[in-house]
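Here's final_31.txt, which has compact mmCIF, C-alpha atoms (C1' of nucleotides):
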```txt
# COMPACT_ATOMS: atom_id res chain seq x y z
CA MET K 1 0.00 0.00 0.00
CA GLU K 2 1.27 3.44 -0.89
CA ARG K 3 1.66 6.02 1.77
CA HIS K 4 -0.76 8.41 0.16
CA GLU K 5 -3.41 5.74 -0.14
CA ALA K 6 -2.94 4.86 3.49
CA GLN K 7 -3.33 8.48 4.42
CA LEU K 8 -6.63 8.69 2.56
CA LYS K 9 -7.94 5.66 4.38
CA LEU K 10 -6.76 6.98 7.69
CA SER K 11 -8.51 10.27 7.15
CA GLU K 12 -11.79 8.37 6.94
CA LEU K 13 -11.34 7.64 10.62
CA VAL K 14 -11.24 11.26 11.72
CA GLY K 15 -14.13 12.01 14.02
CA GLN K 16 -14.90 8.37 14.67
CA ASP K 17 -14.80 6.57 17.98
CA LEU K 18 -12.01 4.02 18.05
CA ARG K 19 -13.61 2.19 20.95
CA GLN K 20 -16.66 1.38 18.88
CA LEU K 21 -14.53 0.32 15.97
CA ALA K 22 -12.54 -1.91 18.26
CA GLY K 23 -15.73 -3.78 19.10
CA GLN K 24 -16.62 -3.91 15.44
CA TYR K 25 -13.28 -5.40 14.50
CA GLY K 26 -13.22 -7.75 17.46
CA ILE K 27 -10.17 -6.22 19.08
CA THR K 28 -9.65 -6.68 22.79
CA VAL K 29 -9.09 -3.40 24.59
CA TRP K 30 -9.25 -4.89 28.06
CA LYS K 31 -7.69 -8.18 28.89
CA ASP K 32 -8.89 -9.10 32.35
CA LYS K 33 -8.48 -5.72 33.95
CA LYS K 34 -5.44 -4.57 32.08
CA LEU K 35 -5.31 -2.28 29.13
CA ASN K 36 -4.05 -3.59 25.85
CA LYS K 37 -1.67 -0.78 25.04
CA GLY K 38 -1.66 -1.62 21.40
CA TRP K 39 -5.39 -1.64 20.86
CA ALA K 40 -5.66 1.72 19.13
CA GLY K 41 -2.97 0.82 16.68
CA GLN K 42 -4.60 -2.52 16.01
CA VAL K 43 -7.92 -0.90 15.21
CA ILE K 44 -6.20 1.32 12.69
CA GLU K 45 -4.28 -1.52 11.15
CA ARG K 46 -7.49 -3.43 10.74
CA HIS K 47 -9.14 -0.46 9.12
CA LEU K 48 -6.34 -0.37 6.61
CA GLY K 49 -6.62 -4.08 6.04
CA LEU K 50 -3.12 -4.75 7.28
CA PRO K 51 -2.03 -7.89 9.10
CA LEU K 52 -2.08 -7.44 12.83
CA ASN K 53 1.58 -8.15 13.38
CA SER K 54 3.03 -5.03 11.87
CA SER K 55 2.94 -3.14 15.11
CA ARG K 56 6.65 -3.00 15.47
CA ALA K 57 6.82 -0.11 13.06
CA PRO K 58 8.45 -2.06 10.31
CA ASN K 59 8.30 -0.68 6.83
CA LEU K 60 4.63 -1.00 6.05
CA GLY K 61 5.69 -0.53 2.49
CA SER K 62 7.13 2.94 2.38
CA TRP K 63 5.73 4.52 5.48
CA GLU K 64 5.17 4.17 9.16
CA LEU K 65 2.21 4.45 11.46
CA LYS K 66 2.41 6.37 14.70
CA LEU K 67 -0.21 7.12 17.30
CA VAL K 68 -0.30 9.93 19.79
CA SER K 69 -2.85 10.62 22.48
CA LEU K 70 -4.25 14.04 23.20
CA LYS K 71 -6.09 15.21 26.26
CA ARG K 72 -8.42 18.06 27.09
CA SER K 73 -7.20 20.74 29.41
CA PRO K 74 -9.67 22.21 31.92
CA ASN K 75 -10.71 24.92 29.48
CA GLY K 76 -11.50 22.38 26.80
CA GLU K 77 -8.40 22.98 24.75
CA LEU K 78 -6.68 19.93 23.32
CA LYS K 79 -3.10 19.30 24.33
CA VAL K 80 -0.59 16.55 23.76
CA LYS K 81 -0.85 14.05 26.58
CA GLU K 82 2.36 12.11 26.17
CA THR K 83 5.64 12.12 24.41
CA MET K 84 5.84 9.86 21.40
CA ALA K 85 8.31 7.00 21.03
CA ILE K 86 10.02 7.32 17.66
CA THR K 87 12.69 4.67 17.40
CA MET K 88 15.31 2.83 19.40
CA ILE K 89 18.74 4.35 19.79
CA ASP K 90 21.51 2.23 18.37
CA PRO K 91 24.68 3.83 19.74
CA VAL K 92 26.80 2.46 16.93
CA GLU K 93 24.53 3.81 14.26
CA VAL K 94 24.18 7.19 15.91
CA CYS K 95 27.94 7.60 16.18
CA ASN K 96 28.56 6.69 12.58
CA LYS K 97 25.76 8.40 10.79
CA SER K 98 24.90 12.01 10.23
CA PHE K 99 21.42 13.23 11.01
CA GLU K 100 20.41 13.03 7.37
CA GLU K 101 21.37 9.35 7.27
CA SER K 102 19.92 8.42 10.60
CA HIS K 103 17.10 6.09 11.30
CA LEU K 104 15.51 8.87 13.29
CA PHE K 105 15.33 11.17 10.28
CA ARG K 106 14.08 8.46 7.97
CA LYS K 107 11.32 7.51 10.34
CA LEU K 108 10.19 11.07 10.85
CA SER K 109 10.13 11.64 7.13
CA LYS K 110 7.91 8.69 6.45
CA ALA K 111 5.58 8.82 9.41
CA LEU K 112 1.83 9.11 9.27
CA ILE K 113 0.65 10.34 12.63
CA VAL K 114 -2.80 9.57 13.98
CA ALA K 115 -3.88 11.74 16.90
CA ARG K 116 -6.62 10.38 19.12
CA VAL K 117 -8.33 11.95 22.10
CA TYR K 118 -7.66 10.27 25.40
CA GLU K 119 -10.75 10.55 27.56
CA GLY K 120 -9.42 8.77 30.60
CA PRO K 121 -7.80 5.55 31.82
CA ASP K 122 -11.01 3.66 31.24
CA GLU K 123 -10.86 4.38 27.50
CA GLN K 124 -14.61 4.45 27.23
CA LYS K 125 -14.37 6.31 24.02
CA SER K 126 -11.59 7.71 21.94
CA ILE K 127 -12.22 9.98 18.99
CA VAL K 128 -9.72 10.34 16.18
CA TYR K 129 -8.76 13.99 16.06
CA LYS K 130 -6.70 14.14 12.93
CA VAL K 131 -4.24 12.38 10.69
CA THR K 132 -1.01 14.07 9.84
CA ASP K 133 1.35 13.39 7.01
CA PHE K 134 4.44 14.63 8.70
CA GLN K 135 7.29 16.17 6.80
CA LEU K 136 10.28 17.85 8.31
CA SER K 137 9.54 20.83 6.13
CA ASP K 138 9.84 23.66 8.62
CA GLN K 139 13.43 24.82 8.48
CA SER K 140 13.70 25.93 12.09
CA VAL K 141 12.21 22.68 13.32
CA TYR K 142 14.53 20.70 11.09
CA GLU K 143 17.55 22.52 12.46
CA GLN K 144 16.49 21.97 16.05
CA VAL K 145 15.85 18.27 15.58
CA LYS K 146 19.21 17.97 13.95
CA ALA K 147 20.83 19.84 16.84
CA ASP K 148 19.21 17.48 19.32
CA TYR K 149 20.46 14.49 17.38
CA GLU K 150 23.97 15.91 17.35
CA LEU K 151 23.81 16.47 21.10
CA VAL K 152 22.93 12.84 21.67
CA ARG K 153 25.67 11.78 19.30
CA GLN K 154 28.32 13.89 20.98
CA THR K 155 27.24 12.70 24.40
CA ILE K 156 27.59 9.08 23.40
CA ILE K 157 31.01 9.73 21.90
CA THR K 158 32.39 11.79 24.77
CA GLN K 159 30.61 10.39 27.81
CA GLY K 160 29.20 7.08 26.72
CA PHE K 161 25.79 5.64 26.06
CA SER K 162 24.84 5.48 29.72
CA ALA K 163 25.27 9.24 30.12
CA LEU K 164 22.13 9.91 28.13
CA THR K 165 19.14 11.15 30.06
CA GLY K 166 15.66 12.30 29.23
CA LYS K 167 16.60 15.80 30.28
CA MET K 168 18.51 16.34 27.08
CA GLY K 169 17.18 17.70 23.85
CA VAL K 170 14.66 20.36 22.96
CA LEU K 171 12.35 18.63 20.51
CA ILE K 172 13.82 15.14 20.63
CA GLN K 173 14.97 13.46 23.80
CA PRO K 174 16.86 10.22 24.48
CA ARG K 175 14.88 8.27 27.04
CA THR K 176 15.11 4.94 28.80
CA LYS K 177 12.76 2.38 27.47
CA GLY K 178 13.12 -1.32 27.84
CA PRO K 179 11.26 -4.50 28.69
CA GLY K 180 11.48 -3.27 32.22
CA HIS K 181 13.24 -5.01 35.06
CA GLY K 182 16.61 -3.47 34.52
CA SER K 183 16.97 -3.02 30.82
CA THR K 184 19.14 -0.14 29.78
CA SER K 185 18.09 0.40 26.20
CA ARG K 186 17.04 3.82 25.10
CA ALA K 187 14.90 5.37 22.43
CA PHE K 188 14.33 8.71 20.75
CA TYR K 189 11.16 10.35 21.94
CA ALA K 190 9.41 13.38 20.51
CA ARG K 191 8.75 15.88 23.27
CA THR K 192 5.23 17.20 23.63
CA ASN K 193 6.21 20.53 22.09
CA PHE K 194 7.38 18.70 19.03
CA VAL K 195 4.30 16.52 18.85
CA LYS K 196 2.26 19.67 19.10
CA LYS K 197 4.00 21.06 16.04
CA ILE K 198 3.57 17.80 14.20
CA VAL K 199 -0.12 17.49 14.83
CA GLY K 200 -0.71 21.18 14.35
CA LEU K 201 -2.61 21.96 17.52
C1' DC G 1 13.94 -14.38 26.78
C1' DT G 2 14.34 -10.02 23.90
C1' DA G 3 12.76 -6.05 20.94
C1' DT G 4 9.46 -2.54 20.20
C1' DG G 5 5.56 0.62 20.63
C1' DA G 6 2.68 2.80 23.93
C1' DT G 7 1.41 3.88 28.40
C1' DC G 8 1.84 4.20 33.49
C1' DA G 9 4.04 5.83 38.03
C1' DT G 10 6.55 8.92 40.49
C1' DC G 11 9.08 13.04 41.15
C1' DC G 12 9.34 17.87 41.33
C1' DG Z 1 0.48 19.81 35.74
C1' DG Z 2 4.49 18.52 33.20
C1' DA Z 3 8.75 15.90 32.76
C1' DT Z 4 11.53 11.76 33.45
C1' DG Z 5 12.19 7.02 34.26
C1' DA Z 6 10.09 2.53 34.26
C1' DT Z 7 6.73 -1.01 33.01
C1' DC Z 8 3.26 -3.59 30.14
C1' DA Z 9 1.45 -6.25 26.09
C1' DT Z 10 2.59 -8.60 22.11
C1' DA Z 11 5.32 -10.85 18.53
C1' DG Z 12 9.47 -13.51 17.16
```

Is it possible to give me this structure as structure tokens?
Amino acid sequence: MERHEAQLKLSELVGQDLRQLAGQYGITVWKDKKLNKGWAGQVIERHLGLPLNSSRAPNLGSWELKLVSLKRSPNGELKVKETMAITMIDPVEVCNKSFEESHLFRKLSKALIVARVYEGPDEQKSIVYKVTDFQLSDQSVYEQVKADYELVRQTIITQGFSALTGKMGVLIQPRTKGPGHGSTSRAFYARTNFVKKIVGL
DNA sequence: CTATGATCATCC
DNA sequence: GGATGATCATAG
């Protein structure tokens, strides 16, 4: 499936309730009393007619699907609820590749971002807010993302992989993320400010 | 058991 | 309330 075609199909979902669609597609949102964290993505994959095992952001052809949740602030305004995981950090790759060659840049360039409204931990309903075909077209944003990448790169080279913390970066941050229980792997995350720019809030 | 995306828990 | 660090579900 081409990226553009996927985007057209995704835009059909705007304004719809993913919770209802989940029931329609037979996707389990709650297993016992625990949330299936991948449910929203699965609903979307089903809508596109994709196999359900492509959740690991492989190359679904020539593009990549990302989900972000939004929340309402007290005055009813929509804001970005969480940072967005972009891709794992491979210290070797980061050291050896420039920003333009990096996995981070490639992923950002090919991403289709689906923003959904998070109504609460119970996920009783979740409306699709908008679908964004993200391009790193804004020059100032591009430069800042590149600067953040370079900061991570220099830190790994001069202080080592373990010196990275989530405090670094302006738009992109390196953050711990593993299977839990002591893993030390890290990933690039888009800060909420960045996600805000991406989605166009 | 490990990798990955997405979300939760805790700190300030 | 927002940011940082850690965990959960699922697939291989």

At a cut-off of 10 Å, can you tabulate as JSON lines every residue of chain K near chain G together with its closest atom pair and the distance in Å to one decimal, using only C-alpha atoms (C1' of nucleotides) and ordering rows by chain then number?
```
{"residue": "K:Leu35", "atom": "CA", "partner": "G:DT7", "partner_atom": "C1'", "distance": 9.1}
{"residue": "K:Asn36", "atom": "CA", "partner": "G:DA6", "partner_atom": "C1'", "distance": 9.5}
{"residue": "K:Lys37", "atom": "CA", "partner": "G:DA6", "partner_atom": "C1'", "distance": 5.7}
{"residue": "K:Gly38", "atom": "CA", "partner": "G:DA6", "partner_atom": "C1'", "distance": 6.7}
{"residue": "K:Trp39", "atom": "CA", "partner": "G:DA6", "partner_atom": "C1'", "distance": 9.7}
{"residue": "K:Ala40", "atom": "CA", "partner": "G:DA6", "partner_atom": "C1'", "distance": 9.7}
{"residue": "K:Gly41", "atom": "CA", "partner": "G:DG5", "partner_atom": "C1'", "distance": 9.4}
{"residue": "K:Ser55", "atom": "CA", "partner": "G:DG5", "partner_atom": "C1'", "distance": 7.2}
{"residue": "K:Arg56", "atom": "CA", "partner": "G:DT4", "partner_atom": "C1'", "distance": 5.5}
{"residue": "K:Ala57", "atom": "CA", "partner": "G:DG5", "partner_atom": "C1'", "distance": 7.7}
{"residue": "K:Pro58", "atom": "CA", "partner": "G:DT4", "partner_atom": "C1'", "distance": 10.0}
{"residue": "K:Lys66", "atom": "CA", "partner": "G:DG5", "partner_atom": "C1'", "distance": 8.8}
{"residue": "K:Leu67", "atom": "CA", "partner": "G:DA6", "partner_atom": "C1'", "distance": 8.4}
{"residue": "K:Val68", "atom": "CA", "partner": "G:DA6", "partner_atom": "C1'", "distance": 8.8}
{"residue": "K:Ser69", "atom": "CA", "partner": "G:DA6", "partner_atom": "C1'", "distance": 9.7}
{"residue": "K:Glu82", "atom": "CA", "partner": "G:DT7", "partner_atom": "C1'", "distance": 8.6}
{"residue": "K:Thr83", "atom": "CA", "partner": "G:DA6", "partner_atom": "C1'", "distance": 9.8}
{"residue": "K:Met84", "atom": "CA", "partner": "G:DA6", "partner_atom": "C1'", "distance": 8.1}
{"residue": "K:Ala85", "atom": "CA", "partner": "G:DG5", "partner_atom": "C1'", "distance": 7.0}
{"residue": "K:Ile86", "atom": "CA", "partner": "G:DG5", "partner_atom": "C1'", "distance": 8.6}
{"residue": "K:Thr87", "atom": "CA", "partner": "G:DT4", "partner_atom": "C1'", "distance": 8.4}
{"residue": "K:Met88", "atom": "CA", "partner": "G:DT4", "partner_atom": "C1'", "distance": 8.0}
{"residue": "K:Pro121", "atom": "CA", "partner": "G:DC8", "partner_atom": "C1'", "distance": 9.9}
{"residue": "K:Lys177", "atom": "CA", "partner": "G:DT4", "partner_atom": "C1'", "distance": 9.4}
{"residue": "K:Gly178", "atom": "CA", "partner": "G:DA3", "partner_atom": "C1'", "distance": 8.4}
{"residue": "K:Pro179", "atom": "CA", "partner": "G:DT2", "partner_atom": "C1'", "distance": 7.9}
{"residue": "K:Ser185", "atom": "CA", "partner": "G:DA3", "partner_atom": "C1'", "distance": 9.9}
{"residue": "K:Ala187", "atom": "CA", "partner": "G:DT4", "partner_atom": "C1'", "distance": 9.9}
```

Mind running chain Z against chain K at 8 Å and telling me each contacting residue's nearest atom pair with the distance in Å (one decimal), counting all atoms listed in the file, chain and number ascending, as a Markdown table?
```
| residue | atom | partner | partner_atom | distance |
| --- | --- | --- | --- | --- |
| Z:DT4 | C1' | K:Gly166 | CA | 5.9 |
| Z:DG5 | C1' | K:Thr176 | CA | 6.5 |
| Z:DA6 | C1' | K:Gly180 | CA | 6.3 |
| Z:DT7 | C1' | K:Gly180 | CA | 5.3 |
| Z:DC8 | C1' | K:Lys37 | CA | 7.6 |
| Z:DA9 | C1' | K:Asn36 | CA | 6.1 |
| Z:DA11 | C1' | K:Asn53 | CA | 6.9 |
```

Find the distance between CA of Val14 (chain K) and CA of Lys130 (chain K) and write it in Å to one decimal.
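Computed distance, CA of Val14 (chain K) to CA of Lys130 (chain K), equals 5.5 Å.
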
Mind giving me the straight-line distance from CA of Gln16 (chain K) to CA of Val131 (chain K) in Å, one decimal?
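About the pair CA of Gln16 (chain K) and CA of Val131 (chain K): they are 12.1 Å apart.
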
When you draw a straight line from CA of Val199 (chain K) to CA of Leu136 (chain K), how long is it in Å?
12.3 Å

Spatial neighbours of region 117-119 of chain K, max dist 7 Å, all atoms listed in the file, sep filter under 6 positions, as a PyMOL selection string
chain K and resi 69-71+125-129

Which residues, protein or nucleic acid, reach to within 9 Å of (-6.2, 0.2, 4.9) in the file's coordinates when using only C-alpha atoms (C1' of nucleotides), and can you give that as an MDAnalysis selection string?
chainID K and resid 1 5:10 44:50

Find the smallest box with edges along x, y and z containing every listed atom of region 133-152 of chain K, then add 4 Å on each side and report centre and edge lengths in Å to one decimal, as lines of an AutoDock Vina configuration file.
```
center_x = 12.7
center_y = 19.4
center_z = 13.9
size_x = 30.6
size_y = 21.1
size_z = 23.5
```
